[in-house]
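Below is data_12.pdb, holding PDB, C-alpha atoms.
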```pdb
MODEL        1
ATOM      1  CA  MET A   1     194.004  34.168 110.102
ATOM      2  CA  LYS A   2     192.699  35.490 106.811
ATOM      3  CA  ILE A   3     192.415  39.276 106.629
ATOM      4  CA  ILE A   4     189.883  40.769 104.199
ATOM      5  CA  HIS A   5     189.643  44.510 103.570
ATOM      6  CA  LEU A   6     186.179  45.770 102.669
ATOM      7  CA  SER A   7     184.721  49.105 101.701
ATOM      8  CA  TYR A   8     181.214  50.201 100.839
ATOM      9  CA  PRO A   9     179.926  48.969  98.477
ATOM     10  CA  HIS A  10     181.699  45.601  98.364
ATOM     11  CA  GLU A  11     181.384  42.796  95.831
ATOM     12  CA  MET A  12     181.894  39.757  98.024
ATOM     13  CA  LYS A  13     179.448  36.880  97.741
ATOM     14  CA  ALA A  14     177.928  35.260 100.806
ATOM     15  CA  GLN A  15     179.188  31.795  99.889
ATOM     16  CA  GLU A  16     182.837  32.811  99.432
ATOM     17  CA  GLN A  17     183.877  32.215 103.055
ATOM     18  CA  GLY A  18     181.172  29.755 104.068
ATOM     19  CA  PRO A  19     178.836  30.131 107.071
ATOM     20  CA  LEU A  20     180.357  32.382 109.710
ATOM     21  CA  SER A  21     179.950  33.219 113.378
ATOM     22  CA  MET A  22     181.071  36.835 113.589
ATOM     23  CA  ALA A  23     181.852  39.289 116.394
ATOM     24  CA  ILE A  24     181.343  42.932 115.446
ATOM     25  CA  GLY A  25     182.930  45.977 117.045
ATOM     26  CA  PHE A  26     185.782  48.430 116.844
ATOM     27  CA  PHE A  27     187.591  46.447 119.565
ATOM     28  CA  ASP A  28     190.345  48.980 120.284
ATOM     29  CA  GLY A  29     192.503  47.443 122.994
ATOM     30  CA  VAL A  30     190.899  44.001 122.635
ATOM     31  CA  HIS A  31     190.346  44.260 126.391
ATOM     32  CA  ARG A  32     188.630  41.678 128.587
ATOM     33  CA  GLY A  33     185.163  42.879 127.561
ATOM     34  CA  HIS A  34     186.083  42.562 123.887
ATOM     35  CA  GLN A  35     187.627  39.162 124.541
ATOM     36  CA  LYS A  36     184.305  37.955 125.950
ATOM     37  CA  VAL A  37     182.490  39.026 122.761
ATOM     38  CA  ILE A  38     185.091  37.513 120.428
ATOM     39  CA  GLY A  39     185.387  34.347 122.519
ATOM     40  CA  THR A  40     181.609  33.900 122.361
ATOM     41  CA  ALA A  41     181.710  34.109 118.552
ATOM     42  CA  ILE A  42     184.505  31.521 118.463
ATOM     43  CA  ASP A  43     182.526  29.191 120.756
ATOM     44  CA  LYS A  44     179.420  29.569 118.569
ATOM     45  CA  ALA A  45     181.483  28.799 115.483
ATOM     46  CA  GLN A  46     182.905  25.622 116.984
ATOM     47  CA  ALA A  47     179.485  24.472 118.208
ATOM     48  CA  GLY A  48     177.869  25.110 114.820
ATOM     49  CA  GLY A  49     180.592  23.802 112.547
ATOM     50  CA  MET A  50     181.332  27.286 111.209
ATOM     51  CA  LYS A  51     184.367  29.520 110.808
ATOM     52  CA  SER A  52     184.872  32.295 113.338
ATOM     53  CA  ALA A  53     185.139  35.883 112.174
ATOM     54  CA  VAL A  54     185.612  39.393 113.506
ATOM     55  CA  MET A  55     184.448  42.583 111.816
ATOM     56  CA  THR A  56     186.267  45.727 112.837
ATOM     57  CA  PHE A  57     186.594  49.199 111.344
ATOM     58  CA  ASP A  58     189.403  51.507 110.278
ATOM     59  CA  PRO A  59     190.018  54.352 110.922
ATOM     60  CA  HIS A  60     188.306  55.206 114.200
ATOM     61  CA  PRO A  61     184.860  56.728 113.462
ATOM     62  CA  SER A  62     185.710  59.885 115.425
ATOM     63  CA  LEU A  63     188.539  60.648 112.994
ATOM     64  CA  VAL A  64     186.008  60.682 110.147
ATOM     65  CA  LEU A  65     182.983  62.169 111.885
ATOM     66  CA  GLY A  66     184.596  64.334 114.565
ATOM     67  CA  GLY A  67     182.421  65.594 117.382
ATOM     68  CA  ARG A  68     184.246  63.961 120.304
ATOM     69  CA  LYS A  69     185.632  66.296 122.940
ATOM     70  CA  GLU A  70     188.272  63.995 124.362
ATOM     71  CA  GLU A  71     191.414  63.041 122.466
ATOM     72  CA  VAL A  72     191.130  59.649 120.799
ATOM     73  CA  PHE A  73     194.200  57.492 120.276
ATOM     74  CA  TYR A  74     194.592  53.823 119.475
ATOM     75  CA  ILE A  75     195.310  51.492 122.378
ATOM     76  CA  THR A  76     196.093  48.791 119.828
ATOM     77  CA  PRO A  77     197.120  50.051 116.382
ATOM     78  CA  LEU A  78     195.650  47.964 113.582
ATOM     79  CA  GLY A  79     198.660  45.670 113.132
ATOM     80  CA  GLN A  80     198.800  44.846 116.840
ATOM     81  CA  LYS A  81     195.046  44.238 116.894
ATOM     82  CA  MET A  82     195.439  41.697 114.077
ATOM     83  CA  GLU A  83     198.193  39.886 116.002
ATOM     84  CA  ILE A  84     195.983  39.595 119.091
ATOM     85  CA  LEU A  85     193.006  38.295 117.098
ATOM     86  CA  GLN A  86     195.203  35.688 115.462
ATOM     87  CA  GLU A  87     196.501  34.595 118.871
ATOM     88  CA  MET A  88     192.871  34.202 119.986
ATOM     89  CA  GLY A  89     192.220  31.758 117.143
ATOM     90  CA  VAL A  90     189.995  33.893 114.894
ATOM     91  CA  ASP A  91     189.718  32.439 111.375
ATOM     92  CA  ILE A  92     188.779  35.553 109.377
ATOM     93  CA  CYS A  93     188.973  39.273 110.094
ATOM     94  CA  TYR A  94     187.031  41.764 108.016
ATOM     95  CA  ILE A  95     188.466  45.283 108.196
ATOM     96  CA  VAL A  96     185.782  47.663 106.967
ATOM     97  CA  ARG A  97     186.984  51.051 105.765
ATOM     98  CA  PHE A  98     185.087  53.660 107.771
ATOM     99  CA  THR A  99     184.329  56.520 105.389
ATOM    100  CA  SER A 100     181.793  59.338 105.335
ATOM    101  CA  GLU A 101     179.836  57.347 102.731
ATOM    102  CA  PHE A 102     179.834  54.228 104.919
ATOM    103  CA  ALA A 103     178.664  56.333 107.872
ATOM    104  CA  LYS A 104     175.531  57.312 105.909
ATOM    105  CA  LEU A 105     174.349  53.689 105.590
ATOM    106  CA  SER A 106     170.991  53.056 107.214
ATOM    107  CA  PRO A 107     170.904  50.223 109.765
ATOM    108  CA  GLU A 108     168.867  48.159 107.285
ATOM    109  CA  HIS A 109     171.418  48.643 104.512
ATOM    110  CA  PHE A 110     174.251  47.814 106.898
ATOM    111  CA  ILE A 111     172.583  44.467 107.631
ATOM    112  CA  GLU A 112     171.915  43.878 103.932
ATOM    113  CA  HIS A 113     175.527  44.484 102.873
ATOM    114  CA  PHE A 114     177.600  43.391 105.855
ATOM    115  CA  ILE A 115     175.528  40.633 107.493
ATOM    116  CA  ASP A 116     173.369  39.004 104.822
ATOM    117  CA  GLY A 117     175.814  39.948 102.083
ATOM    118  CA  LEU A 118     178.650  38.070 103.780
ATOM    119  CA  GLY A 119     176.665  34.992 104.768
ATOM    120  CA  ILE A 120     176.828  35.610 108.498
ATOM    121  CA  LYS A 121     174.820  33.014 110.427
ATOM    122  CA  GLU A 122     175.672  34.114 113.983
ATOM    123  CA  VAL A 123     176.142  37.749 114.981
ATOM    124  CA  VAL A 124     177.787  38.490 118.340
ATOM    125  CA  ALA A 125     178.319  41.976 119.776
ATOM    126  CA  GLY A 126     178.311  43.870 123.030
ATOM    127  CA  PHE A 127     175.117  45.223 124.562
ATOM    128  CA  ASP A 128     176.045  48.794 123.564
ATOM    129  CA  PHE A 129     177.070  48.118 119.954
ATOM    130  CA  SER A 130     175.377  50.461 117.486
ATOM    131  CA  PHE A 131     175.510  50.619 113.707
ATOM    132  CA  GLY A 132     174.150  52.512 110.745
ATOM    133  CA  TYR A 133     173.557  56.224 110.280
ATOM    134  CA  LYS A 134     174.196  58.128 113.536
ATOM    135  CA  GLY A 135     174.257  54.791 115.384
ATOM    136  CA  GLY A 136     170.565  54.302 114.734
ATOM    137  CA  GLY A 137     170.744  50.504 114.873
ATOM    138  CA  ASP A 138     171.180  48.481 118.066
ATOM    139  CA  MET A 139     171.274  44.796 118.913
ATOM    140  CA  ALA A 140     167.490  44.628 119.334
ATOM    141  CA  LEU A 141     167.092  45.903 115.783
ATOM    142  CA  MET A 142     169.785  43.495 114.571
ATOM    143  CA  GLU A 143     167.800  40.620 116.046
ATOM    144  CA  SER A 144     164.422  41.801 114.736
ATOM    145  CA  TYR A 145     165.786  41.989 111.190
ATOM    146  CA  GLY A 146     167.267  38.488 111.397
ATOM    147  CA  SER A 147     164.001  36.723 110.587
ATOM    148  CA  GLY A 148     165.642  33.330 110.886
ATOM    149  CA  ARG A 149     168.454  34.166 108.445
ATOM    150  CA  TYR A 150     170.963  34.611 111.265
ATOM    151  CA  ASN A 151     171.061  34.300 115.047
ATOM    152  CA  VAL A 152     172.029  37.142 117.376
ATOM    153  CA  THR A 153     173.891  36.901 120.683
ATOM    154  CA  THR A 154     174.269  40.018 122.814
ATOM    155  CA  VAL A 155     177.035  40.007 125.423
ATOM    156  CA  GLY A 156     176.236  41.978 128.576
ATOM    157  CA  LYS A 157     178.354  44.542 130.383
ATOM    158  CA  ILE A 158     181.693  43.280 131.713
ATOM    159  CA  GLU A 159     182.691  45.203 134.838
ATOM    160  CA  GLU A 160     185.697  45.614 137.072
ATOM    161  CA  ALA A 161     185.328  47.399 140.424
ATOM    162  CA  ASN A 162     181.691  48.223 139.595
ATOM    163  CA  GLU A 163     182.692  50.075 136.429
ATOM    164  CA  LYS A 164     182.406  48.977 132.825
ATOM    165  CA  ILE A 165     185.637  47.788 131.207
ATOM    166  CA  SER A 166     185.935  50.147 128.257
ATOM    167  CA  SER A 167     188.484  51.570 125.851
ATOM    168  CA  THR A 168     187.710  55.069 127.163
ATOM    169  CA  ARG A 169     188.504  53.995 130.731
ATOM    170  CA  ILE A 170     191.805  52.462 129.606
ATOM    171  CA  ARG A 171     192.781  55.602 127.657
ATOM    172  CA  HIS A 172     192.261  57.746 130.751
ATOM    173  CA  LEU A 173     194.446  55.412 132.824
ATOM    174  CA  LEU A 174     197.233  55.489 130.219
ATOM    175  CA  LYS A 175     197.175  59.285 130.174
ATOM    176  CA  ASP A 176     197.808  59.143 133.937
ATOM    177  CA  GLY A 177     200.544  56.522 133.556
ATOM    178  CA  LEU A 178     198.564  53.938 135.547
ATOM    179  CA  VAL A 179     199.811  50.924 133.629
ATOM    180  CA  GLU A 180     199.123  48.327 136.349
ATOM    181  CA  PRO A 181     195.312  48.682 136.268
ATOM    182  CA  VAL A 182     195.539  48.833 132.454
ATOM    183  CA  HIS A 183     197.317  45.466 132.551
ATOM    184  CA  HIS A 184     194.423  44.062 134.552
ATOM    185  CA  LEU A 185     191.712  45.455 132.263
ATOM    186  CA  LEU A 186     193.470  44.290 129.099
ATOM    187  CA  GLY A 187     194.373  40.900 130.509
ATOM    188  CA  ARG A 188     197.956  41.527 129.338
ATOM    189  CA  PRO A 189     200.506  44.352 129.668
ATOM    190  CA  TYR A 190     200.081  47.458 127.536
ATOM    191  CA  ARG A 191     202.504  47.175 124.610
ATOM    192  CA  ILE A 192     204.031  49.507 122.091
ATOM    193  CA  SER A 193     206.198  48.568 119.130
ATOM    194  CA  GLY A 194     209.093  50.633 117.845
ATOM    195  CA  THR A 195     212.594  50.773 116.462
ATOM    196  CA  VAL A 196     215.819  51.317 118.396
ATOM    197  CA  VAL A 197     217.433  54.478 117.052
ATOM    198  CA  ASN A 198     220.563  56.444 117.812
ATOM    199  CA  GLY A 199     220.285  58.755 120.808
ATOM    200  CA  ASP A 200     222.801  61.082 122.419
ATOM    201  CA  LYS A 201     224.479  58.092 124.171
ATOM    202  CA  ARG A 202     224.621  60.103 127.395
ATOM    203  CA  GLY A 203     223.380  57.138 129.440
ATOM    204  CA  ARG A 204     226.399  55.119 128.421
ATOM    205  CA  THR A 205     228.744  57.805 129.761
ATOM    206  CA  ILE A 206     227.208  57.559 133.257
ATOM    207  CA  GLY A 207     227.118  53.755 133.341
ATOM    208  CA  PHE A 208     223.487  53.215 132.325
ATOM    209  CA  PRO A 209     223.324  52.599 128.559
ATOM    210  CA  THR A 210     219.817  52.850 127.128
ATOM    211  CA  ALA A 211     217.935  51.795 124.030
ATOM    212  CA  ASN A 212     216.267  54.838 122.505
ATOM    213  CA  VAL A 213     212.940  53.542 121.130
ATOM    214  CA  GLU A 214     211.158  55.396 118.339
ATOM    215  CA  PRO A 215     207.514  54.232 118.591
ATOM    216  CA  GLU A 216     205.408  53.369 115.572
ATOM    217  CA  LEU A 217     203.329  56.179 114.148
ATOM    218  CA  GLY A 218     200.012  56.546 115.961
ATOM    219  CA  THR A 219     201.213  54.849 119.155
ATOM    220  CA  PHE A 220     200.239  56.369 122.479
ATOM    221  CA  VAL A 221     203.062  56.664 125.009
ATOM    222  CA  PRO A 222     202.034  56.627 128.695
ATOM    223  CA  LYS A 223     202.505  59.686 130.891
ATOM    224  CA  ARG A 224     206.027  60.994 131.451
ATOM    225  CA  GLY A 225     207.882  59.179 134.202
ATOM    226  CA  VAL A 226     209.905  56.076 135.033
ATOM    227  CA  TYR A 227     208.500  52.562 134.598
ATOM    228  CA  ALA A 228     209.426  48.935 135.131
ATOM    229  CA  VAL A 229     209.125  47.385 131.679
ATOM    230  CA  ARG A 230     209.918  44.280 129.713
ATOM    231  CA  ILE A 231     211.338  44.658 126.238
ATOM    232  CA  GLU A 232     211.275  42.058 123.479
ATOM    233  CA  VAL A 233     214.486  42.018 121.456
ATOM    234  CA  GLN A 234     215.064  39.448 118.706
ATOM    235  CA  GLY A 235     212.330  37.199 120.099
ATOM    236  CA  ALA A 236     213.557  37.229 123.725
ATOM    237  CA  TYR A 237     212.213  39.283 126.658
ATOM    238  CA  PHE A 238     214.391  41.237 129.085
ATOM    239  CA  ASP A 239     213.548  43.239 132.204
ATOM    240  CA  GLY A 240     214.274  46.936 132.121
ATOM    241  CA  VAL A 241     213.731  50.454 133.424
ATOM    242  CA  CYS A 242     212.143  52.940 131.039
ATOM    243  CA  ASN A 243     212.216  56.714 131.218
ATOM    244  CA  VAL A 244     209.606  58.650 129.267
ATOM    245  CA  GLY A 245     210.272  62.358 129.133
ATOM    246  CA  TYR A 246     212.457  65.223 128.085
ATOM    247  CA  LYS A 247     215.613  64.489 130.162
ATOM    248  CA  PRO A 248     215.344  67.693 132.218
ATOM    249  CA  THR A 249     218.693  67.214 133.962
ATOM    250  CA  PHE A 250     220.520  67.677 130.651
ATOM    251  CA  ASN A 251     218.241  69.320 128.138
ATOM    252  CA  ASN A 252     217.349  72.880 127.356
ATOM    253  CA  PRO A 253     213.861  73.358 128.870
ATOM    254  CA  ASP A 254     212.783  75.069 125.643
ATOM    255  CA  VAL A 255     213.476  71.899 123.624
ATOM    256  CA  LYS A 256     210.468  69.547 123.791
ATOM    257  CA  ASN A 257     211.522  66.248 122.251
ATOM    258  CA  LEU A 258     209.853  63.335 124.032
ATOM    259  CA  VAL A 259     212.074  60.270 124.283
ATOM    260  CA  ILE A 260     211.561  56.663 125.379
ATOM    261  CA  GLU A 261     214.783  55.261 126.835
ATOM    262  CA  VAL A 262     215.008  51.703 128.129
ATOM    263  CA  HIS A 263     217.913  50.579 130.283
ATOM    264  CA  ILE A 264     217.863  46.811 129.780
ATOM    265  CA  LEU A 265     218.967  44.929 132.867
ATOM    266  CA  ASP A 266     221.918  42.546 132.513
ATOM    267  CA  PHE A 267     222.185  43.212 128.776
ATOM    268  CA  ASP A 268     225.201  44.300 126.747
ATOM    269  CA  LYS A 269     224.530  44.142 123.033
ATOM    270  CA  SER A 270     224.210  46.633 120.186
ATOM    271  CA  ILE A 271     220.619  46.607 118.918
ATOM    272  CA  TYR A 272     220.415  49.741 116.770
ATOM    273  CA  GLY A 273     217.825  49.297 114.043
ATOM    274  CA  GLU A 274     216.071  46.392 115.770
ATOM    275  CA  LYS A 275     212.294  46.238 115.987
ATOM    276  CA  VAL A 276     211.310  45.897 119.645
ATOM    277  CA  VAL A 277     208.177  45.659 121.772
ATOM    278  CA  VAL A 278     207.996  47.449 125.134
ATOM    279  CA  GLU A 279     205.626  46.017 127.772
ATOM    280  CA  TRP A 280     204.610  48.475 130.502
ATOM    281  CA  HIS A 281     204.314  46.803 133.914
ATOM    282  CA  LYS A 282     204.663  49.339 136.764
ATOM    283  CA  ARG A 283     204.979  53.087 137.182
ATOM    284  CA  ILE A 284     207.908  53.767 139.511
ATOM    285  CA  ARG A 285     207.975  57.568 139.778
ATOM    286  CA  ASP A 286     207.494  60.884 138.020
ATOM    287  CA  GLU A 287     210.175  62.415 135.850
ATOM    288  CA  GLN A 288     212.293  64.872 137.810
ATOM    289  CA  LYS A 289     215.270  67.153 137.429
ATOM    290  CA  PHE A 290     218.383  66.413 139.501
ATOM    291  CA  SER A 291     221.038  68.796 140.787
ATOM    292  CA  GLY A 292     223.854  66.832 139.196
ATOM    293  CA  ILE A 293     225.153  63.576 137.721
ATOM    294  CA  ASP A 294     225.812  61.878 141.061
ATOM    295  CA  GLU A 295     222.257  62.436 142.269
ATOM    296  CA  LEU A 296     220.899  61.184 138.924
ATOM    297  CA  LYS A 297     223.064  58.044 139.028
ATOM    298  CA  ALA A 298     221.964  57.264 142.585
ATOM    299  CA  GLN A 299     218.293  57.557 141.625
ATOM    300  CA  ILE A 300     218.704  55.381 138.524
ATOM    301  CA  GLY A 301     220.350  52.765 140.748
ATOM    302  CA  GLN A 302     217.304  52.852 143.030
ATOM    303  CA  ASP A 303     214.987  52.590 140.019
ATOM    304  CA  LYS A 304     216.881  49.488 138.838
ATOM    305  CA  ASP A 305     216.499  47.893 142.274
ATOM    306  CA  THR A 306     212.767  48.705 142.278
ATOM    307  CA  ALA A 307     212.316  47.085 138.856
ATOM    308  CA  LYS A 308     214.309  43.997 139.834
ATOM    309  CA  GLN A 309     212.281  43.532 142.996
ATOM    310  CA  TYR A 310     209.033  43.928 141.057
ATOM    311  CA  PHE A 311     209.936  41.279 138.489
ATOM    312  CA  GLU A 312     211.285  38.875 141.113
ATOM    313  CA  VAL A 313     207.894  38.661 142.838
TER     314      VAL A 313
ENDMDL
END
```
Encoding of this model in structure tokens:
Amino acid sequence: MKIIHLSYPHEMKAQEQGPLSMAIGFFDGVHRGHQKVIGTAIDKAQAGGMKSAVMTFDPHPSLVLGGRKEEVFYITPLGQKMEILQEMGVDICYIVRFTSEFAKLSPEHFIEHFIDGLGIKEVVAGFDFSFGYKGGGDMALMESYGSGRYNVTTVGKIEEANEKISSTRIRHLLKDGLVEPVHHLLGRPYRISGTVVNGDKRGRTIGFPTANVEPELGTFVPKRGVYAVRIEVQGAYFDGVCNVGYKPTFNNPDVKNLVIEVHILDFDKSIYGEKVVVEWHKRIRDEQKFSGIDELKAQIGQDKDTAKQYFEV
């Protein structure tokens, strides 16, 4: 997949990439609703002998404009989003730099620069996609300005349990640690990437060595607790139990240093410094403080059994 970074104004010529069928949206999470939009653009490209494209934006508009009450975090950081789009078979991805100047573009100027200016022949977006200054443009306006220069396809609402599949819905679930419904809405497990770093090695002393994962900057970590996870190490996946929290049995309650520790099942290898991916499959329990080492070890043993049973199904 070819990745092209754009800002406003850009100097690309319409003929540089050839006729394109393009999906437009922020697409954080690339969830099942997003996949429908992007898949439609790919289908239109194949039917019309065109290349498929996606236009997305960076950073999130709320980080530039403000005004949102709820915390906004990325479900899929930009690098992970690019990997997913490539796996889907997208030919070209335009990453448009979202700046205060870009946000001032009128809907008409947005179309002039980023639709006509790039030679887009098929525009695909969700029913609620808006563009231009203060979101003044919608898909009806996009179509009315086409005038035969490009076609417009609007993808309707994709629902699950009578509720729209949305990035906001998924963020709320992650904050509550509900990774199983997130898996269903994404169509894949929630994933975070990170590096295995040195920890206090306390798990090793009680018979449960762990990989201490330092997540990539900007990654959202699900709610504190214990999870059944899979972890990718050196291209292979292993089952594991992950604890997200502050290790209350050992730590000073005044020290707030969130850690992600993965006990990898049936694994005995030094992986310090390795890049890993953690897949979140099931929330097992809340984090809790134990009266002593023996009680902690017994509970970790139960957590291992729970994870094994989950992955054996």
Interface rows for region 111-213 of chain A against region 8-13 of chain A: nearest pair, Å to one decimal, 8 Å, only C-alpha atoms, as CSV:
```
residue,atom,partner,partner_atom,distance
A:His113,CA,A:Pro9,CA,7.7
A:Gly117,CA,A:Lys13,CA,6.4
A:Leu118,CA,A:Lys13,CA,6.2
A:Gly119,CA,A:Lys13,CA,7.8
```
With distances taken over all atoms listed in the file, which residue among A:Gly177, A:Gly225, A:Gly240, A:Gly273 lies nearest Leu258 (chain A)?
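That would be A:Gly225, the residue with the smallest distance to Leu258 (chain A).
For the residues A:Ile84, A:Ala236, A:Met22, A:Leu265, ranking by smallest atom-to-atom distance to Phe208 (chain A) using all atoms listed in the file places A:Leu265 first.
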Could you jot down the CA of Gly156 (chain A) to CA of Ala53 (chain A) separation for me, Å, one decimal place?
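Going from CA of Gly156 (chain A) over to CA of Ala53 (chain A) covers 19.6 Å.
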I need the output of the PyMOL selection byres ((chain A and resi 102) around 12) for this file as number ranges by chain; which residues are they?
A: 6-10, 57-59, 61, 64-65, 96-101, 103-107, 109-110, 113-114, 131-135
Based on the selection just made, write C-alpha atoms of those residues as a PDB file, keeping the file's coordinate frame.
```pdb
ATOM      1  CA  LEU A   6     186.179  45.770 102.669  1.00  0.00           C
ATOM      2  CA  SER A   7     184.721  49.105 101.701  1.00  0.00           C
ATOM      3  CA  TYR A   8     181.214  50.201 100.839  1.00  0.00           C
ATOM      4  CA  PRO A   9     179.926  48.969  98.477  1.00  0.00           C
ATOM      5  CA  HIS A  10     181.699  45.601  98.364  1.00  0.00           C
ATOM      6  CA  PHE A  57     186.594  49.199 111.344  1.00  0.00           C
ATOM      7  CA  ASP A  58     189.403  51.507 110.278  1.00  0.00           C
ATOM      8  CA  PRO A  59     190.018  54.352 110.922  1.00  0.00           C
ATOM      9  CA  PRO A  61     184.860  56.728 113.462  1.00  0.00           C
ATOM     10  CA  VAL A  64     186.008  60.682 110.147  1.00  0.00           C
ATOM     11  CA  LEU A  65     182.983  62.169 111.885  1.00  0.00           C
ATOM     12  CA  VAL A  96     185.782  47.663 106.967  1.00  0.00           C
ATOM     13  CA  ARG A  97     186.984  51.051 105.765  1.00  0.00           C
ATOM     14  CA  PHE A  98     185.087  53.660 107.771  1.00  0.00           C
ATOM     15  CA  THR A  99     184.329  56.520 105.389  1.00  0.00           C
ATOM     16  CA  SER A 100     181.793  59.338 105.335  1.00  0.00           C
ATOM     17  CA  GLU A 101     179.836  57.347 102.731  1.00  0.00           C
ATOM     18  CA  ALA A 103     178.664  56.333 107.872  1.00  0.00           C
ATOM     19  CA  LYS A 104     175.531  57.312 105.909  1.00  0.00           C
ATOM     20  CA  LEU A 105     174.349  53.689 105.590  1.00  0.00           C
ATOM     21  CA  SER A 106     170.991  53.056 107.214  1.00  0.00           C
ATOM     22  CA  PRO A 107     170.904  50.223 109.765  1.00  0.00           C
ATOM     23  CA  HIS A 109     171.418  48.643 104.512  1.00  0.00           C
ATOM     24  CA  PHE A 110     174.251  47.814 106.898  1.00  0.00           C
ATOM     25  CA  HIS A 113     175.527  44.484 102.873  1.00  0.00           C
ATOM     26  CA  PHE A 114     177.600  43.391 105.855  1.00  0.00           C
ATOM     27  CA  PHE A 131     175.510  50.619 113.707  1.00  0.00           C
ATOM     28  CA  GLY A 132     174.150  52.512 110.745  1.00  0.00           C
ATOM     29  CA  TYR A 133     173.557  56.224 110.280  1.00  0.00           C
ATOM     30  CA  LYS A 134     174.196  58.128 113.536  1.00  0.00           C
ATOM     31  CA  GLY A 135     174.257  54.791 115.384  1.00  0.00           C
TER      32      GLY A 135
END
```
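Once the PyMOL selection byres ((chain A and resi 284) around 7) is applied to the shown structure, the selection contains A:Val226, A:Tyr227, A:Ala228, A:Lys282, A:Arg283, A:Arg285.
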Within 10 Å of Met88 (chain A), counting only C-alpha atoms, which residues show up once you throw out same-chain ones fewer than 2 positions away? Write them as a VMD selection string, please.
chain A and resid 1 35 38 to 39 42 82 to 86 90 to 91
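Closest approach to Gly235 (chain A) among A:Val277, A:Ala47, A:Ile264, A:Leu217: A:Val277, based on only C-alpha atoms.
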Which residues are close to Ser21 (chain A), i.e. within 12 Å by all atoms listed in the file, leaving aside same-chain residues fewer than 6 positions away? Reply as a PyMOL selection string.
chain A and resi 37-55+90-93+115+118-125+150-153
Residue neighbourhood Asp176 (chain A), 10 Å, all atoms listed in the file, exclusion window fewer than 5 positions, as a list in words
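Residues meeting the cut-off are Ile170, Arg171, Pro222, Lys223, Arg224 and Arg283 of chain A.
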Could you write those residues out with C-alpha atoms, as a PDB file, in the frame of the given file?
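The resulting file, out35.pdb, is reproduced below:
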```
ATOM      1  CA  ILE A 170     191.805  52.462 129.606  1.00  0.00           C
ATOM      2  CA  ARG A 171     192.781  55.602 127.657  1.00  0.00           C
ATOM      3  CA  PRO A 222     202.034  56.627 128.695  1.00  0.00           C
ATOM      4  CA  LYS A 223     202.505  59.686 130.891  1.00  0.00           C
ATOM      5  CA  ARG A 224     206.027  60.994 131.451  1.00  0.00           C
ATOM      6  CA  ARG A 283     204.979  53.087 137.182  1.00  0.00           C
TER       7      ARG A 283
END
```
